[in-house]
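K.L.:
Compact mmCIF, C-alpha atoms and all ligand atoms, saved as protein-v3.txt, coming up:
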# COMPACT_ATOMS: atom_id res chain seq x y z
CA MET A 148 74.22 -20.86 28.84
CA THR A 149 71.86 -21.38 31.77
CA GLY A 150 69.43 -18.99 33.27
CA SER A 151 70.63 -15.49 32.38
CA ALA A 152 66.93 -14.62 32.14
CA THR A 153 66.03 -15.92 35.60
CA ARG A 154 69.08 -15.04 37.69
CA THR A 155 69.81 -11.51 38.89
CA THR A 156 72.85 -9.62 37.68
CA PRO A 157 74.56 -9.94 41.13
CA GLU A 158 73.93 -13.71 41.06
CA ARG A 159 75.45 -13.97 37.60
CA GLU A 160 78.45 -11.86 38.67
CA ALA A 161 79.00 -14.04 41.74
CA ALA A 162 79.33 -17.07 39.46
CA VAL A 163 81.85 -15.66 36.99
CA HIS A 164 83.75 -12.64 38.37
CA LEU A 165 86.60 -12.81 40.87
CA GLN A 166 85.05 -11.89 44.20
CA THR A 167 87.22 -8.91 45.06
CA TYR A 168 84.63 -6.11 45.25
CA ALA A 169 82.25 -5.56 48.16
CA ARG A 170 79.68 -4.15 45.76
CA GLN A 171 76.52 -2.25 46.61
CA PRO A 172 73.55 -4.49 45.69
CA ILE A 173 72.25 -2.49 42.73
CA THR A 174 72.91 -2.76 39.00
CA LEU A 175 73.11 0.59 37.25
CA VAL A 176 72.08 0.83 33.62
CA ALA A 177 71.86 4.52 32.67
CA GLY A 178 72.65 8.00 33.88
CA ARG A 179 72.14 11.68 33.11
CA GLY A 180 73.67 14.58 35.00
CA CYS A 181 73.79 13.73 38.72
CA TRP A 182 71.25 10.94 38.44
CA VAL A 183 71.65 7.22 37.72
CA ARG A 184 68.99 4.56 37.12
CA ASP A 185 69.05 0.91 38.16
CA GLU A 186 67.67 -2.16 36.38
CA ALA A 187 64.33 -1.77 38.15
CA GLY A 188 63.98 1.81 36.88
CA ARG A 189 64.70 3.48 40.23
CA GLU A 190 66.48 6.87 39.99
CA TYR A 191 69.31 7.65 42.44
CA LEU A 192 70.91 10.98 43.22
CA ASP A 193 74.57 10.16 42.57
CA PHE A 194 77.01 11.68 45.08
CA VAL A 195 79.68 9.07 44.29
CA GLY A 196 80.10 10.22 40.69
CA GLY A 197 81.95 7.12 39.48
CA LEU A 198 84.37 7.64 42.42
CA ALA A 199 85.31 11.24 41.66
CA VAL A 200 85.47 10.48 37.94
CA ASN A 201 82.28 11.85 36.38
CA VAL A 202 83.12 15.53 36.78
CA LEU A 203 80.56 16.41 34.06
CA GLY A 204 77.97 13.98 35.43
CA HIS A 205 76.59 11.19 33.30
CA ALA A 206 76.08 11.36 29.53
CA HIS A 207 77.28 14.95 29.09
CA PRO A 208 76.60 15.66 25.40
CA ALA A 209 80.07 17.21 24.86
CA VAL A 210 81.79 13.99 25.96
CA THR A 211 79.27 11.76 24.21
CA ASP A 212 79.71 13.70 20.96
CA ALA A 213 83.53 13.75 21.20
CA LEU A 214 83.58 10.00 21.84
CA ALA A 215 81.22 9.26 18.97
CA ALA A 216 83.18 11.42 16.54
CA GLN A 217 86.59 10.05 17.58
CA ALA A 218 85.29 6.45 17.65
CA ALA A 219 84.15 6.87 14.07
CA THR A 220 87.56 8.27 13.07
CA LEU A 221 90.46 6.63 14.94
CA VAL A 222 90.39 4.82 18.29
CA GLN A 223 93.84 3.29 18.67
CA VAL A 224 97.10 3.09 16.75
CA SER A 225 99.67 2.66 19.62
CA ASN A 226 102.48 4.96 20.67
CA LEU A 227 104.60 3.82 17.73
CA TYR A 228 102.96 6.79 15.98
CA TYR A 229 102.04 10.40 16.70
CA THR A 230 98.35 11.21 17.15
CA ARG A 231 96.89 14.70 17.27
CA PRO A 232 94.47 14.28 20.24
CA GLN A 233 97.38 13.15 22.47
CA VAL A 234 99.54 16.15 21.50
CA GLU A 235 96.58 18.53 21.93
CA LEU A 236 95.82 17.12 25.38
CA ALA A 237 99.46 17.45 26.47
CA GLU A 238 99.43 21.06 25.20
CA ALA A 239 96.19 21.80 27.06
CA LEU A 240 97.53 20.39 30.36
CA VAL A 241 100.90 22.14 30.03
CA ALA A 242 99.15 25.43 29.20
CA ARG A 243 97.06 25.38 32.38
CA SER A 244 99.76 24.19 34.79
CA PRO A 245 103.35 24.83 35.92
CA PHE A 246 104.39 21.56 34.22
CA ASP A 247 106.20 21.22 30.93
CA ARG A 248 105.62 17.62 29.84
CA ALA A 249 102.98 14.89 30.07
CA PHE A 250 102.95 11.11 29.87
CA PHE A 251 99.57 9.39 29.47
CA THR A 252 98.42 6.11 31.03
CA ASN A 253 95.16 4.16 31.28
CA SER A 254 94.58 4.55 35.02
CA GLY A 255 95.64 6.29 38.19
CA THR A 256 97.83 3.53 39.50
CA GLU A 257 99.75 3.45 36.22
CA ALA A 258 100.32 7.21 36.45
CA ASN A 259 101.87 6.61 39.88
CA GLU A 260 103.97 3.74 38.51
CA ALA A 261 105.29 6.17 35.91
CA ALA A 262 105.98 8.74 38.66
CA ILE A 263 107.83 6.18 40.80
CA LYS A 264 109.98 5.09 37.85
CA LEU A 265 110.65 8.74 36.95
CA ALA A 266 111.74 9.49 40.53
CA ARG A 267 114.11 6.51 40.56
CA ARG A 268 115.50 7.52 37.14
CA HIS A 269 115.97 11.08 38.34
CA GLY A 270 117.76 9.97 41.53
CA ARG A 271 119.87 7.32 39.86
CA GLU A 272 122.98 9.42 39.17
CA ARG A 273 123.36 10.32 42.83
CA GLY A 274 122.43 6.83 44.05
CA ALA A 275 119.07 7.92 45.50
CA GLY A 276 116.19 5.47 45.14
CA GLU A 277 114.10 5.74 48.28
CA ILE A 278 110.61 7.25 48.29
CA VAL A 279 108.99 8.78 51.36
CA ALA A 280 105.20 8.47 51.55
CA LEU A 281 102.55 8.79 54.23
CA GLU A 282 100.78 6.49 56.61
CA GLY A 283 97.13 6.27 55.60
CA SER A 284 97.91 7.05 51.96
CA PHE A 285 96.41 5.37 48.91
CA HIS A 286 98.26 5.34 45.60
CA GLY A 287 96.73 2.36 43.78
CA ARG A 288 96.69 -1.42 43.54
CA THR A 289 99.63 -2.33 41.28
CA LEU A 290 102.76 -3.41 43.09
CA GLY A 291 104.73 -0.16 42.88
CA SER A 292 101.77 2.01 43.88
CA LEU A 293 100.89 -0.51 46.58
CA ALA A 294 104.44 -0.30 47.92
CA ALA A 295 103.83 3.47 48.30
CA THR A 296 100.44 2.92 49.99
CA GLY A 297 100.70 3.27 53.76
CA GLN A 298 97.76 1.08 54.76
CA PRO A 299 98.48 -2.46 56.02
CA LYS A 300 95.09 -3.83 54.88
CA TYR A 301 96.00 -3.20 51.23
CA ARG A 302 99.67 -4.24 51.53
CA GLU A 303 99.95 -7.21 53.81
CA PRO A 304 98.31 -9.93 51.67
CA PHE A 305 100.74 -9.17 48.82
CA ALA A 306 104.16 -9.23 50.45
CA PRO A 307 106.88 -9.07 49.39
CA LEU A 308 106.36 -5.62 47.89
CA PRO A 309 109.06 -3.69 46.01
CA PRO A 310 111.55 -2.21 48.52
CA GLY A 311 112.61 1.42 48.87
CA PHE A 312 109.58 3.05 50.48
CA ARG A 313 109.25 4.51 53.96
CA PHE A 314 106.33 6.12 55.72
CA VAL A 315 105.77 9.02 58.06
CA ALA A 316 102.64 10.24 59.84
CA ARG A 317 100.40 12.75 58.06
CA ASN A 318 101.18 16.36 58.98
CA ASP A 319 104.24 15.42 61.10
CA ALA A 320 106.71 17.87 59.54
CA ALA A 321 109.57 16.92 61.87
CA ALA A 322 109.22 13.22 61.00
CA LEU A 323 109.16 14.05 57.29
CA GLU A 324 112.25 16.25 57.54
CA ALA A 325 114.08 13.45 59.38
CA ALA A 326 112.99 10.81 56.84
CA VAL A 327 114.23 12.75 53.79
CA GLU A 328 117.92 11.88 53.40
CA GLU A 329 120.56 11.77 50.67
CA ARG A 330 119.15 8.44 49.50
CA THR A 331 115.65 9.93 49.02
CA CYS A 332 114.63 10.34 45.37
CA ALA A 333 111.07 11.57 45.99
CA VAL A 334 108.38 12.47 48.48
CA LEU A 335 104.96 11.28 47.28
CA LEU A 336 101.85 12.86 48.85
CA GLU A 337 98.11 13.23 48.29
CA PRO A 338 97.22 16.89 49.09
CA ILE A 339 94.01 15.51 50.60
CA GLN A 340 94.12 11.80 51.44
CA GLY A 341 91.06 10.35 49.72
CA GLU A 342 90.65 6.63 50.31
CA GLY A 343 92.32 7.19 53.70
CA GLY A 344 89.26 9.17 54.83
CA VAL A 345 89.38 12.71 53.33
CA HIS A 346 92.25 14.12 55.41
CA PRO A 347 93.83 17.36 54.08
CA LEU A 348 97.55 18.05 54.52
CA ASP A 349 98.52 21.26 56.34
CA ASP A 350 100.28 24.00 54.38
CA ALA A 351 103.13 23.85 56.92
CA PHE A 352 103.62 20.15 56.20
CA LEU A 353 103.64 20.73 52.43
CA ILE A 354 106.15 23.57 52.82
CA ALA A 355 108.36 21.27 54.92
CA ALA A 356 108.12 18.59 52.21
CA ARG A 357 109.04 21.12 49.51
CA SER A 358 112.13 22.34 51.36
CA ALA A 359 113.22 18.84 52.44
CA CYS A 360 113.13 17.78 48.78
CA GLU A 361 115.18 20.82 47.79
CA ARG A 362 117.72 20.11 50.53
CA VAL A 363 118.63 16.70 49.01
CA GLY A 364 117.63 17.12 45.35
CA ALA A 365 114.57 14.83 45.61
CA LEU A 366 111.35 15.35 43.67
CA LEU A 367 108.14 16.46 45.36
CA ILE A 368 105.41 14.45 43.62
CA LEU A 369 101.75 15.05 44.40
CA ASP A 370 99.18 12.34 43.71
CA GLU A 371 96.22 14.44 42.54
CA ILE A 372 94.41 11.48 41.03
CA GLN A 373 91.38 12.21 43.22
CA THR A 374 91.90 15.89 44.08
CA GLY A 375 92.78 17.09 40.56
CA ILE A 376 90.70 18.29 37.59
CA GLY A 377 88.72 20.89 39.51
CA ARG A 378 87.39 18.66 42.28
CA THR A 379 88.53 20.97 45.12
CA GLY A 380 87.61 24.27 43.44
CA ARG A 381 90.97 24.74 41.69
CA PHE A 382 92.29 22.69 38.78
CA PHE A 383 94.91 21.13 41.12
CA ALA A 384 94.47 21.03 44.90
CA PHE A 385 98.04 22.31 45.35
CA GLU A 386 96.86 25.64 43.90
CA HIS A 387 95.22 26.28 47.29
CA THR A 388 98.66 25.97 48.92
CA PRO A 389 101.99 27.88 48.67
CA VAL A 390 103.70 24.78 47.20
CA ILE A 391 104.41 23.83 43.58
CA PRO A 392 105.46 20.20 43.11
CA ASP A 393 107.99 18.88 40.57
CA ALA A 394 105.46 16.41 39.24
CA VAL A 395 101.83 15.52 39.66
CA THR A 396 99.69 12.51 38.77
CA VAL A 397 96.06 12.89 37.68
CA ALA A 398 93.50 10.41 36.40
CA LYS A 399 89.96 9.97 37.68
CA GLY A 400 88.17 13.09 36.39
CA LEU A 401 90.45 13.85 33.46
CA ALA A 402 88.41 12.26 30.66
CA GLY A 403 84.95 12.58 32.24
CA GLY A 404 84.54 8.82 32.73
CA VAL A 405 86.80 7.29 30.08
CA PRO A 406 89.90 5.49 31.42
CA ILE A 407 92.98 7.72 31.42
CA GLY A 408 95.80 8.85 33.68
CA ALA A 409 98.66 11.29 33.32
CA LEU A 410 102.01 12.13 34.84
CA LEU A 411 102.84 15.83 34.46
CA VAL A 412 106.40 17.01 35.16
CA ARG A 413 108.49 20.15 35.18
CA GLU A 414 111.36 20.15 32.70
CA ALA A 415 114.04 19.73 35.40
CA ALA A 416 112.33 16.51 36.55
CA ALA A 417 111.76 15.07 33.06
CA ALA A 418 114.34 12.31 33.56
CA PHE A 419 112.98 9.66 31.18
CA GLN A 420 115.08 8.74 28.14
CA VAL A 421 113.77 7.09 24.98
CA GLY A 422 112.80 3.51 25.85
CA ASP A 423 112.51 4.07 29.62
CA HIS A 424 108.75 3.77 29.80
CA GLY A 425 105.77 3.02 27.60
CA THR A 426 102.20 1.76 27.23
CA THR A 427 100.19 0.29 24.37
CA LEU A 428 96.89 2.08 24.92
CA GLY A 429 97.85 4.98 27.18
CA GLY A 430 96.95 8.33 25.63
CA ASN A 431 95.09 6.81 22.72
CA PRO A 432 92.96 9.07 20.52
CA LEU A 433 89.66 8.01 22.11
CA SER A 434 90.60 8.77 25.72
CA CYS A 435 92.40 11.98 24.74
CA ALA A 436 89.41 13.23 22.74
CA ALA A 437 87.20 12.62 25.79
CA ALA A 438 89.69 14.49 28.00
CA LEU A 439 89.88 17.45 25.61
CA ALA A 440 86.07 17.69 25.61
CA THR A 441 86.02 17.45 29.42
CA LEU A 442 88.55 20.27 29.84
CA ARG A 443 86.62 22.44 27.37
CA VAL A 444 83.36 22.00 29.29
CA LEU A 445 85.07 22.64 32.66
CA ASP A 446 86.09 26.05 31.28
CA ASP A 447 82.98 26.88 29.21
CA GLU A 448 80.59 26.07 32.07
CA ARG A 449 82.93 27.52 34.73
CA LEU A 450 82.68 24.25 36.65
CA ILE A 451 85.87 24.68 38.70
CA GLU A 452 84.48 27.89 40.21
CA ALA A 453 81.18 26.03 40.64
CA ALA A 454 82.97 23.26 42.55
CA ALA A 455 84.23 25.88 45.01
CA ASP A 456 80.78 27.47 45.43
CA ARG A 457 78.78 24.25 45.57
CA GLY A 458 81.42 22.78 47.87
CA ALA A 459 81.02 25.67 50.31
CA GLN A 460 77.25 25.15 50.18
CA LEU A 461 77.66 21.40 50.79
CA ALA A 462 80.06 21.92 53.71
CA ALA A 463 77.68 24.43 55.30
CA ALA A 464 74.68 22.12 54.90
CA LEU A 465 76.64 19.19 56.35
CA GLY A 466 77.73 21.48 59.18
CA GLU A 467 74.05 21.61 60.17
CA LEU A 468 74.14 17.82 60.60
CA VAL A 469 77.09 18.31 62.95
CA ASN A 470 75.19 21.02 64.86
CA ASP A 471 72.25 18.66 65.23
CA GLY A 472 74.41 15.86 66.64
CA LEU A 473 74.15 13.53 63.60
CA ALA A 474 77.85 13.85 62.75
CA THR A 475 81.00 15.16 64.40
CA GLU A 476 83.10 16.76 61.66
CA VAL A 477 83.10 17.89 58.02
CA ARG A 478 86.45 17.61 56.18
CA GLY A 479 87.71 18.25 52.68
CA ARG A 480 87.62 20.96 50.07
CA GLY A 481 85.27 21.84 47.23
CA LEU A 482 83.32 18.78 46.13
CA MET A 483 85.56 16.28 47.93
CA VAL A 484 83.96 16.01 51.34
CA GLY A 485 84.13 13.60 54.27
CA LEU A 486 81.56 13.51 57.05
CA GLU A 487 82.70 11.92 60.30
CA THR A 488 80.24 10.14 62.60
CA ALA A 489 80.68 9.60 66.34
CA ARG A 490 79.78 5.92 66.17
CA PRO A 491 80.74 3.37 63.47
CA LEU A 492 77.60 3.61 61.35
CA ALA A 493 78.93 4.86 58.01
CA ARG A 494 78.15 1.58 56.23
CA GLU A 495 74.63 1.47 57.68
CA ALA A 496 74.11 5.11 56.65
CA VAL A 497 75.31 4.37 53.10
CA ALA A 498 72.84 1.46 52.89
CA ALA A 499 69.96 3.53 54.32
CA ALA A 500 70.76 6.38 51.92
CA ARG A 501 70.71 3.96 48.99
CA ASP A 502 67.71 1.83 49.95
CA ASP A 503 65.42 4.34 51.70
CA GLU A 504 66.47 7.64 50.11
CA ALA A 505 67.79 6.71 46.64
CA LEU A 506 71.00 8.64 47.39
CA LEU A 507 74.41 7.18 46.52
CA VAL A 508 77.27 8.04 48.90
CA ASN A 509 80.38 6.08 49.87
CA ALA A 510 82.01 5.03 53.16
CA THR A 511 85.82 5.14 53.36
CA GLY A 512 85.80 3.56 56.82
CA PRO A 513 83.46 2.73 59.71
CA THR A 514 83.03 6.39 60.70
CA THR A 515 83.57 8.31 57.44
CA ILE A 516 81.02 9.02 54.71
CA ARG A 517 82.52 10.49 51.54
CA LEU A 518 80.68 12.68 49.02
CA LEU A 519 82.13 13.21 45.52
CA PRO A 520 79.30 14.62 43.38
CA PRO A 521 79.79 15.63 39.75
CA LEU A 522 80.96 19.25 39.39
CA VAL A 523 77.76 19.97 37.44
CA VAL A 524 75.71 19.41 40.60
CA SER A 525 73.08 22.14 41.17
CA ALA A 526 72.36 24.03 44.39
CA GLY A 527 68.98 22.27 44.55
CA GLU A 528 70.60 18.84 44.19
CA ILE A 529 73.00 19.63 47.05
CA ASP A 530 70.10 20.60 49.32
CA GLU A 531 68.17 17.51 48.28
CA ALA A 532 71.15 15.21 48.90
CA VAL A 533 71.73 16.63 52.39
CA ARG A 534 68.01 16.27 53.26
CA ARG A 535 68.21 12.61 52.19
CA LEU A 536 71.48 12.05 54.03
CA ARG A 537 70.06 13.57 57.22
CA ARG A 538 67.18 11.05 57.21
CA ALA A 539 69.57 8.17 56.39
CA LEU A 540 71.91 9.12 59.26
CA ASP A 541 68.96 9.42 61.58
CA SER A 542 67.68 5.94 60.74
CA ALA A 543 71.20 4.43 60.79
CA SER A 544 71.87 5.89 64.23
CA ARG A 545 68.61 4.41 65.53
CA ALA A 546 69.38 1.02 63.91
CA VAL A 547 72.95 0.90 65.29
CA ALA A 548 71.92 2.18 68.76
C1 LIG B 1 91.86 6.27 42.79
C2 LIG B 1 93.22 6.66 43.22
C3 LIG B 1 94.35 5.99 42.72
C4 LIG B 1 94.26 4.79 41.81
O1 LIG B 1 93.62 5.08 40.60
P1 LIG B 1 93.11 3.85 39.68
O2 LIG B 1 92.62 4.53 38.44
O3 LIG B 1 92.03 3.17 40.47
O4 LIG B 1 94.27 2.97 39.45
C5 LIG B 1 95.59 6.46 43.11
N1 LIG B 1 95.72 7.51 43.93
C6 LIG B 1 94.66 8.18 44.43
C7 LIG B 1 94.87 9.35 45.32
C8 LIG B 1 93.36 7.76 44.11
O5 LIG B 1 92.31 8.39 44.62
Show how you would write the structure in this file as structure tokens.

P.N.:
Amino acid sequence: MTGSATRTTPEREAAVHLQTYARQPITLVAGRGCWVRDEAGREYLDFVGGLAVNVLGHAHPAVTDALAAQAATLVQVSNLYYTRPQVELAEALVARSPFDRAFFTNSGTEANEAAIKLARRHGRERGAGEIVALEGSFHGRTLGSLAATGQPKYREPFAPLPPGFRFVARNDAAALEAAVEERTCAVLLEPIQGEGGVHPLDDAFLIAARSACERVGALLILDEIQTGIGRTGRFFAFEHTPVIPDAVTVAKGLAGGVPIGALLVREAAAAFQVGDHGTTLGGNPLSCAAALATLRVLDDERLIEAAADRGAQLAAALGELVNDGLATEVRGRGLMVGLETARPLAREAVAAARDDEALLVNATGPTTIRLLPPLVVSAGEIDEAVRRLRRALDSASRAVA
């Protein structure tokens, strides 16, 4: 019991937490809307948004009230029993999508685990168990999702990974068509690769994936854990494309900050039998009540349309940084945006934004800055964030020169 009063929170963490996160050196204690406050009382403009999670910003009263009411009523009973919030959430997701059934998890990676198991179950009768995924993808940190993640830095320390995954290059339709064979049970894709650096897939590539899956009877599964729940200006990112998948995974934004994930499937893909899959806490009344409140506010405040409008504004403002030579490219859709820099200064720019400008943004690699603001972000906050980012890029480019 020594010294919690004299040591900083990062010092205390370093002593007791596994050292697996390269954390930013601030401790956040409160938030409201697009703003968060640290222990010292400094207010930051938050364009990370809990990593694409806080679609309603921080402390939205609809989520706070739903959580308080559900917490005072029933938090958890397990999936041995029916609960109304879980059924209502499944109904709400089915009603607004081409999917017929839902399965709820506690996280994104678990939603992908469920999708991988579903694909194997679906392919079992015809002896198909292989999954085709993409180089540069990110599907989560558990072993199945990691086996589907096409980035050596995440995979290599944890070999051997589960077998039955192969990878093709993003947007290489010919390679994808060649990789999908009789033994393929699914193609798993992010419509816009997120952790891989905000790289959208071409419509032509998605169409090729759809028809390759149909050719062999495999499932097209989209990982919309980052792109879903309005982030790109539509509820699902695939709604911008001509393609409808057989299944989709969502998580991050679904419950406005409370842990949840979901696998949504069309009836023809709903291959699970009783006993095939399960979770103790997944879809519990607390997380489902938060998700129902989040979906209600997305509609009532027209936040999906707002994500499209604010996203266009953000892309245009960032385009000015490109015109002025501070960046080379703007990628993404809606409020999922990547800004590419000519030189590897993304980490320095993130630090300058945080320390000098009180703006939170995230680097996905040495040359990519990612912006994922809450969907409640105002036009004024977008302009303010880009002004701050411009100064941070300017000072980072002088420091790295
Ligand atoms: C964040 C993310 C995941 C993993 O979600 P967790 O909740 O961190 O397990 C999987 N896929 C994509 C596309 C993601 O962005």

K.L.:
Each residue of chain A lying at most 6 Å from ligand LIG 1 (chain B) should get a row with its shortest atom-to-atom pair and the distance in Å to one decimal, counting only C-alpha atoms and all ligand atoms; could you produce that, ordered by chain and increasing number, as CSV?

P.N.:
residue,atom,partner,partner_atom,distance
A:Ser254,CA,B:LIG1,O2,3.9
A:Gly255,CA,B:LIG1,O1,3.4
A:Thr256,CA,B:LIG1,O4,3.6
A:Phe285,CA,B:LIG1,N1,5.5
A:His286,CA,B:LIG1,N1,3.7
A:Gly287,CA,B:LIG1,C4,4.0
A:Glu337,CA,B:LIG1,C7,5.9
A:Gly341,CA,B:LIG1,O5,5.6
A:Asp370,CA,B:LIG1,C7,5.5
A:Glu371,CA,B:LIG1,C7,6.0
A:Ile372,CA,B:LIG1,C6,4.7
A:Gln373,CA,B:LIG1,O5,4.2

K.L.:
Using all atoms listed in the file for the distances, tell me which of A:Ala394, A:Val363, A:Leu227, A:Val210 is nearest to A:Ser244.

P.N.:
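Answer, going by the shortest atom-to-atom distance: A:Ala394.
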
K.L.:
Neighbouring residues of A:Arg268 were defined as those with any atom within 12 Å, considering only C-alpha atoms; residues of the same chain fewer than 6 positions away were excluded. Please report them as a tab-separated table (two decimals) with C-alpha atoms, in the coordinates of the input.

P.N.:
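Output (part_1.tsv):
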chain	number	residue	atom	x	y	z
A	261	ALA	CA	105.29	6.17	35.91
A	262	ALA	CA	105.98	8.74	38.66
A	274	GLY	CA	122.43	6.83	44.05
A	275	ALA	CA	119.07	7.92	45.50
A	276	GLY	CA	116.19	5.47	45.14
A	277	GLU	CA	114.10	5.74	48.28
A	332	CYS	CA	114.63	10.34	45.37
A	333	ALA	CA	111.07	11.57	45.99
A	365	ALA	CA	114.57	14.83	45.61
A	366	LEU	CA	111.35	15.35	43.67
A	416	ALA	CA	112.33	16.51	36.55
A	417	ALA	CA	111.76	15.07	33.06
A	418	ALA	CA	114.34	12.31	33.56
A	419	PHE	CA	112.98	9.66	31.18
A	420	GLN	CA	115.08	8.74	28.14
A	423	ASP	CA	112.51	4.07	29.62
A	424	HIS	CA	108.75	3.77	29.80

K.L.:
Ranking A:Leu293, A:Val397, A:Leu540, A:Leu518 by minimum distance to A:Ala489 and counting all atoms listed in the file, which one comes first?

P.N.:
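The closest residue to A:Ala489 is A:Leu540.
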
K.L.:
Excluding stretch 179-195 of chain A and its own-chain neighbours fewer than 4 positions away, which residues fall within 8 Å of it when counting only C-alpha atoms? Please give them as a list in words.

P.N.:
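So the residues in contact are Ile173, Thr174, Leu175, Ala199, Leu203, Gly204, His205, Ala206, His207, Arg501, Ala505, Leu506, Leu507, Val508, Asn509, Arg517, Leu518, Leu519, Pro520, Pro521, Val523, Val524, Glu528 and Ala532 of chain A.
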
K.L.:
Residues near A:Arg288, anyone? I mean within 12 Å using only C-alpha atoms, not counting same-chain ones fewer than 5 positions away, as a list in words.

P.N.:
Ser254, Gly255, Thr256, Glu257, Ala258, Asn259, Glu260, Leu293, Ala294, Ala295, Thr296, Gly297, Gln298, Lys300, Tyr301, Arg302, Pro304, Phe305 and Leu308 of chain A

K.L.:
In Å, with one decimal, what is the gap from atom CA of A:Asn253 to atom CA of A:Thr220?

P.N.:
20.2 Å

K.L.:
Kindly give the distance, in Å, that separates atom CA of A:Arg480 and atom CA of A:Ala177, rounded to a single decimal.

P.N.:
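Between atom CA of A:Arg480 and atom CA of A:Ala177 the gap works out to 28.7 Å.
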
K.L.:
Give, as lines of an AutoDock Vina configuration file, the centre coordinates and the x, y and z edge lengths in Å to one decimal for an axis-aligned box around all listed atoms of stretch 240-245 of chain A, padded by 4 Å on each side.

P.N.:
center_x = 100.2
center_y = 22.9
center_z = 32.6
size_x = 14.3
size_y = 13.0
size_z = 14.7

K.L.:
For a test of reading the model, state the distance in Å between atom CA of A:Ala438 and atom CA of A:Arg170, rounded to one decimal.

P.N.:
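Calculated distance between atom CA of A:Ala438 and atom CA of A:Arg170 is 27.6 Å.
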
K.L.:
Using only C-alpha atoms, which protein or nucleic acid residues come within 9 Å of A:Thr427? Drop anything in the same chain fewer than 4 positions from it, and give the result as a list in words.

P.N.:
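Once the adjacent positions are removed, what remains is Val224, Ser225, Asn226, Leu227 and Asn431 of chain A.
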
K.L.:
Go ahead and write the residues just picked, C-alpha atoms, as a PDB file, keeping the file's coordinate frame.

P.N.:
ATOM      1  CA  VAL A 224      97.100   3.090  16.750  1.00  0.00           C
ATOM      2  CA  SER A 225      99.670   2.660  19.620  1.00  0.00           C
ATOM      3  CA  ASN A 226     102.480   4.960  20.670  1.00  0.00           C
ATOM      4  CA  LEU A 227     104.600   3.820  17.730  1.00  0.00           C
ATOM      5  CA  ASN A 431      95.090   6.810  22.720  1.00  0.00           C
TER       6      ASN A 431
END

K.L.:
Place N, CA and C atoms on stretch 275-288 of chain A and deliver the coordinates as a PDB file, keeping the file's coordinate frame.

P.N.:
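Contents of selection_32.pdb, freshly written:
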ATOM      1  N   ALA A 275     120.247   7.754  44.642  1.00  0.00           N
ATOM      2  CA  ALA A 275     119.070   7.920  45.500  1.00  0.00           C
ATOM      3  C   ALA A 275     117.892   7.177  44.901  1.00  0.00           C
ATOM      4  N   GLY A 276     117.331   6.239  45.664  1.00  0.00           N
ATOM      5  CA  GLY A 276     116.190   5.470  45.140  1.00  0.00           C
ATOM      6  C   GLY A 276     115.035   5.330  46.101  1.00  0.00           C
ATOM      7  N   GLU A 277     115.148   5.957  47.277  1.00  0.00           N
ATOM      8  CA  GLU A 277     114.100   5.740  48.280  1.00  0.00           C
ATOM      9  C   GLU A 277     112.995   6.793  48.160  1.00  0.00           C
ATOM     10  N   ILE A 278     111.773   6.355  48.376  1.00  0.00           N
ATOM     11  CA  ILE A 278     110.610   7.250  48.290  1.00  0.00           C
ATOM     12  C   ILE A 278     109.951   7.328  49.653  1.00  0.00           C
ATOM     13  N   VAL A 279     109.668   8.562  50.078  1.00  0.00           N
ATOM     14  CA  VAL A 279     108.990   8.780  51.360  1.00  0.00           C
ATOM     15  C   VAL A 279     107.516   9.060  51.067  1.00  0.00           C
ATOM     16  N   ALA A 280     106.648   8.298  51.725  1.00  0.00           N
ATOM     17  CA  ALA A 280     105.200   8.470  51.550  1.00  0.00           C
ATOM     18  C   ALA A 280     104.557   8.509  52.936  1.00  0.00           C
ATOM     19  N   LEU A 281     103.239   8.556  52.954  1.00  0.00           N
ATOM     20  CA  LEU A 281     102.550   8.790  54.230  1.00  0.00           C
ATOM     21  C   LEU A 281     101.753   7.582  54.704  1.00  0.00           C
ATOM     22  N   GLU A 282     101.723   7.432  56.003  1.00  0.00           N
ATOM     23  CA  GLU A 282     100.780   6.490  56.610  1.00  0.00           C
ATOM     24  C   GLU A 282      99.360   6.924  56.251  1.00  0.00           C
ATOM     25  N   GLY A 283      98.518   5.953  55.942  1.00  0.00           N
ATOM     26  CA  GLY A 283      97.130   6.270  55.600  1.00  0.00           C
ATOM     27  C   GLY A 283      96.934   6.671  54.151  1.00  0.00           C
ATOM     28  N   SER A 284      98.026   6.638  53.363  1.00  0.00           N
ATOM     29  CA  SER A 284      97.910   7.050  51.960  1.00  0.00           C
ATOM     30  C   SER A 284      97.260   5.965  51.117  1.00  0.00           C
ATOM     31  N   PHE A 285      96.862   6.351  49.912  1.00  0.00           N
ATOM     32  CA  PHE A 285      96.410   5.370  48.910  1.00  0.00           C
ATOM     33  C   PHE A 285      96.926   5.825  47.550  1.00  0.00           C
ATOM     34  N   HIS A 286      97.717   4.971  46.910  1.00  0.00           N
ATOM     35  CA  HIS A 286      98.260   5.340  45.600  1.00  0.00           C
ATOM     36  C   HIS A 286      97.924   4.347  44.508  1.00  0.00           C
ATOM     37  N   GLY A 287      97.161   3.281  44.817  1.00  0.00           N
ATOM     38  CA  GLY A 287      96.730   2.360  43.780  1.00  0.00           C
ATOM     39  C   GLY A 287      97.080   0.924  44.113  1.00  0.00           C
ATOM     40  N   ARG A 288      96.682   0.016  43.235  1.00  0.00           N
ATOM     41  CA  ARG A 288      96.690  -1.420  43.540  1.00  0.00           C
ATOM     42  C   ARG A 288      97.797  -2.198  42.857  1.00  0.00           C
TER      43      ARG A 288
END
